[in-house]
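Read the structure below first, then the notes.
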Amino acid sequence: METKYIFVTGGVVSSLGKGIISASIGKLLQARGYKVTIQKFDPYINIDPGTLNPYEHGECYVTVDGMETDLDLGHYERFTGIHTTRNNSVTTGRIYKTVIDRERHGDYLGKTIQVVPHITDEIKRRMLREDEKNETLDFVITEVGGTIGDIESTPFMEAIRQLRWQLGRNAVCVHLTYVPYLKAADELKTKPTQHSVKELQSMGIQPDILVLRTERHLDDSLRMKVASFCNVDLECVVQSEDMPSIYEVPVSMQRQGLDAAIMRKIGIPVGETPAMKPWHEFLDKQRNATREIHIGLIGKYDLQDAYKSIRESLNLAGIYNDVKAKLHFVNSEDITRKNIAEKLAGLQGVVICPGFGSRGIEGKIIAAEYTRENDIPTFGICLGMQMMVIEFARNVLGYKDANSCEMDEHTPHNVIDMMEEQKSITQMGGTMRLGAYDCELLKGSRAYKAYGEETLISERHRHRYEFNNAYKEEYEQKGMKCVGINPAANLVEIVEIPEKRWYIGTQFHPEYSSSVLHPHPLFMSFIKECTKL
């Protein structure tokens with residue numbers, strides 16, 4: 001079968017959940033046996049989100065091949081289990097850089113370079129995944145960031161318009177809009193949706209399917225009104241109500257026939273509705289998980305999306321352990337020796353979160369000391385692991401001035417140091433150890449048992465600094481074991497204190513490889529320990 005293309009756009013306001021809808025469509029098509037990939041096109045001019053402030057853009061998600069991307073790729077992977085790559089995340093910045101580099105190289109033979117056709121042609125090339133000729137995909141789902149009418153997204157809309165004509169029935173446009181409820185009038189309003197579709201039509205694109213984001217149930221008469229005003233079949237007007245969990249969305253979309261509508265538009269026989277048994281079993285577990293456990297997230301970004309993948313990984317591991325993980329953010333900037341007991345009171349476990357820079361690190365170090373001394377299950381990720389290492393050096397090895405070279409380049413005890421190959425790099429962005437690397441686990445260690453007694457694993461990284469091997473022997477003698485080592489570079493990837501209930505730090509980011517049907521083994525092991533009274 002020829003590859004089919006689904007374009008997902010949004011109108012009215014941003015943050016409606018295009019990423020969740022795209023991931024849900026991917027999941028439903030996968031359940032029908034199709035091979036799917038999902039990609040995100042972002043209209044901002046940054047090359048990637050790697051240097052963006054998490055307050056502005058949420059977490060930066062890292063693909064297996066080391067691309068720093070938008071957090072929506074995390075949703076794609078968690079829902080579908082596919083591995084995304086650098087080709088699944090494209091920004092305006094990357095598009096323009098490619099075209100300008102070609103122009104400098106002389107590839108355009110002196111022609112005047114313009115948005116149409118040169119920029120739009122490059123967008124189309126990437127939407128069609130022409131660099132991925134070895135792929136055999138049934139469906140490519142392309143989500144475009146931002147909303148209709150944004151100046152920045154105009155070239156993307158023009159590229160979609162051209163592709164709709166070029167691809168004929170092999171392309172479908174799904175448009176997500178918002179239906180607000182006006183409390184004073186006690187009425188749901190369809191006018192914003194009508195305006196959004198009108199704007200899309202003015203760009204030459206007629207949506208095939210409308211997904212209406214709503215906080216209240218929409219009756220058939222309202223859907224009929226939208227269908228007639230927007231030139232869309234009634235069966236192609238689907239509502240996306242607020243759900244108790246984002247993982248309910250694919251089931252809701254399937255119940256309303258979203259996947260069937262897409263297939264009819266493309267001209268594929270609809271066939272039987274897939275049972276999606278493992279997904280339903282997961283949802284049953286989620287609904288039945290009533291016992292709560294309380295986990296503290298020690299970090300400096302007081303924003304849900306800043307630690308999105310960690311939050312989701314903890315939630316998923318909780319569900320599979322038949323508990324509801326209640327997450328409590330604890331700002332590390334506010335932590336002192338005097339208030340740490342109060343800040344962590346009532347928590348069954350603590351995650352020391354990743355990050356960059358010196359802000360809030362002393363609070364993380366105090367937290368690591370408190371949880372180590374009080375034997376509270378503790379999971380340190382990336383910078384969190386480094387803070388556990390520094391705390392141990394200061395309070396167990398006796399090096400009171402121990403630090404990371406990131407925070408103090410003149411520290412006499414640089415237990416965390418710059419990687420050798422990074423020392424000559426001065427430019428920010430894309431200069432870190434990024435993507436998946438192998439890690440060899442020490443047999444018999446807690447990490448080894450968590451992974452199901454595998455000896456060689458592969459996990460994703462995003463960092464510049466490493467455990468300093470010059471101190472390794474001292475750490476091991478005093479009880480902090482280096483139980484995960486990268487075989488190629490001999491770098492320490494996992495530390496743990498075996499005599500504690502659960503005290504593990506990982507230099508990598510395990511949260512990037514946790515999915516709905518395959519929760520990450522370290523999160524599973526951590527939550528399991530937290531559930532023990």
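Here, A, B, ... name the chains of the structure tokens in the order displayed, residue numbers run from 1 inside each chain, and ligands are numbered from 1 in the same displayed order.
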Nearby residues (only C-alpha atoms) at most 8 Å from Val415 of chain A, same-chain spacing under 4 positions excluded, as number ranges by chain: A: 389-390, 393, 402-404, 467-468, 471
Test item: residues at most 10 Å from Asp219 of chain A, only C-alpha atoms, excluding those fewer than 4 positions along its chain, as a list in words: Arg223, Met224 and Gln239 of chain A
For the selection just defined, write its residues with N, CA and C atoms to a file, as a PDB file, in the first residue's frame.
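Ended up saving to result-v6.pdb:
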ATOM      1  N   ARG A 223     -22.994  19.186  17.108  1.00  0.00           N
ATOM      2  CA  ARG A 223     -22.059  18.599  16.131  1.00  0.00           C
ATOM      3  C   ARG A 223     -22.589  18.801  14.715  1.00  0.00           C
ATOM      4  N   MET A 224     -23.909  18.669  14.547  1.00  0.00           N
ATOM      5  CA  MET A 224     -24.538  18.870  13.237  1.00  0.00           C
ATOM      6  C   MET A 224     -24.334  20.314  12.763  1.00  0.00           C
ATOM      7  N   GLN A 239     -15.699  14.668  19.261  1.00  0.00           N
ATOM      8  CA  GLN A 239     -15.418  15.529  20.413  1.00  0.00           C
ATOM      9  C   GLN A 239     -14.335  14.932  21.300  1.00  0.00           C
TER      10      GLN A 239
END
Neighbour list for Asn339 of chain A as a PyMOL selection string, cut-off 12 Å, only C-alpha atoms, skip fewer than 4 positions in-chain: chain A and resi 330+332-335+343-345+363+366-367+370
For segment 168-181 of chain A: contacts at 7 Å, only C-alpha atoms, fewer than 3 positions along chain excluded, given as a ChimeraX atom specification: /A:4-12,18,164-165,187-190,192-193,207-214,266
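With atom CA of Ile38 of chain A on one side and atom CA of Asp70 of chain A on the other, the separation reads 12.4 Å.
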8 Å contact set for Arg291 of chain A, only C-alpha atoms, chain neighbours under 2 positions out, as a PyMOL selection string: chain A and resi 289+293+322-324
Resulting file, chosen residues, all heavy atoms, as a tab-separated table (two decimals), in the first residue's frame:
chain	number	residue	atom	x	y	z
A	289	ALA	N	-6.51	1.30	40.77
A	289	ALA	CA	-5.40	1.68	41.65
A	289	ALA	C	-5.87	2.83	42.55
A	289	ALA	O	-5.82	3.99	42.16
A	289	ALA	CB	-4.18	2.10	40.82
A	293	ILE	N	0.35	6.49	47.08
A	293	ILE	CA	1.68	6.67	47.70
A	293	ILE	C	2.17	8.06	47.29
A	293	ILE	O	1.83	8.56	46.22
A	293	ILE	CB	2.69	5.58	47.30
A	293	ILE	CG1	2.91	5.55	45.79
A	293	ILE	CG2	2.30	4.23	47.82
A	293	ILE	CD1	4.20	4.87	45.40
A	322	ASP	N	-0.19	-1.24	41.11
A	322	ASP	CA	-1.53	-1.15	41.72
A	322	ASP	C	-1.67	-0.03	42.74
A	322	ASP	O	-2.42	-0.15	43.72
A	322	ASP	CB	-1.94	-2.49	42.36
A	322	ASP	CG	-1.96	-3.62	41.33
A	322	ASP	OD1	-2.51	-3.40	40.23
A	322	ASP	OD2	-1.38	-4.69	41.59
A	323	VAL	N	-0.93	1.06	42.53
A	323	VAL	CA	-1.07	2.23	43.41
A	323	VAL	C	-1.17	3.49	42.55
A	323	VAL	O	-0.81	3.50	41.38
A	323	VAL	CB	0.12	2.39	44.39
A	323	VAL	CG1	0.18	1.26	45.39
A	323	VAL	CG2	1.44	2.55	43.65
A	324	LYS	N	-1.68	4.53	43.17
A	324	LYS	CA	-1.75	5.83	42.51
A	324	LYS	C	-0.60	6.68	43.06
A	324	LYS	O	-0.56	6.97	44.26
A	324	LYS	CB	-3.09	6.48	42.84
A	324	LYS	CG	-3.41	7.71	41.99
A	324	LYS	CD	-4.75	8.31	42.39
A	324	LYS	CE	-5.91	7.48	41.86
A	324	LYS	NZ	-7.22	8.09	42.17
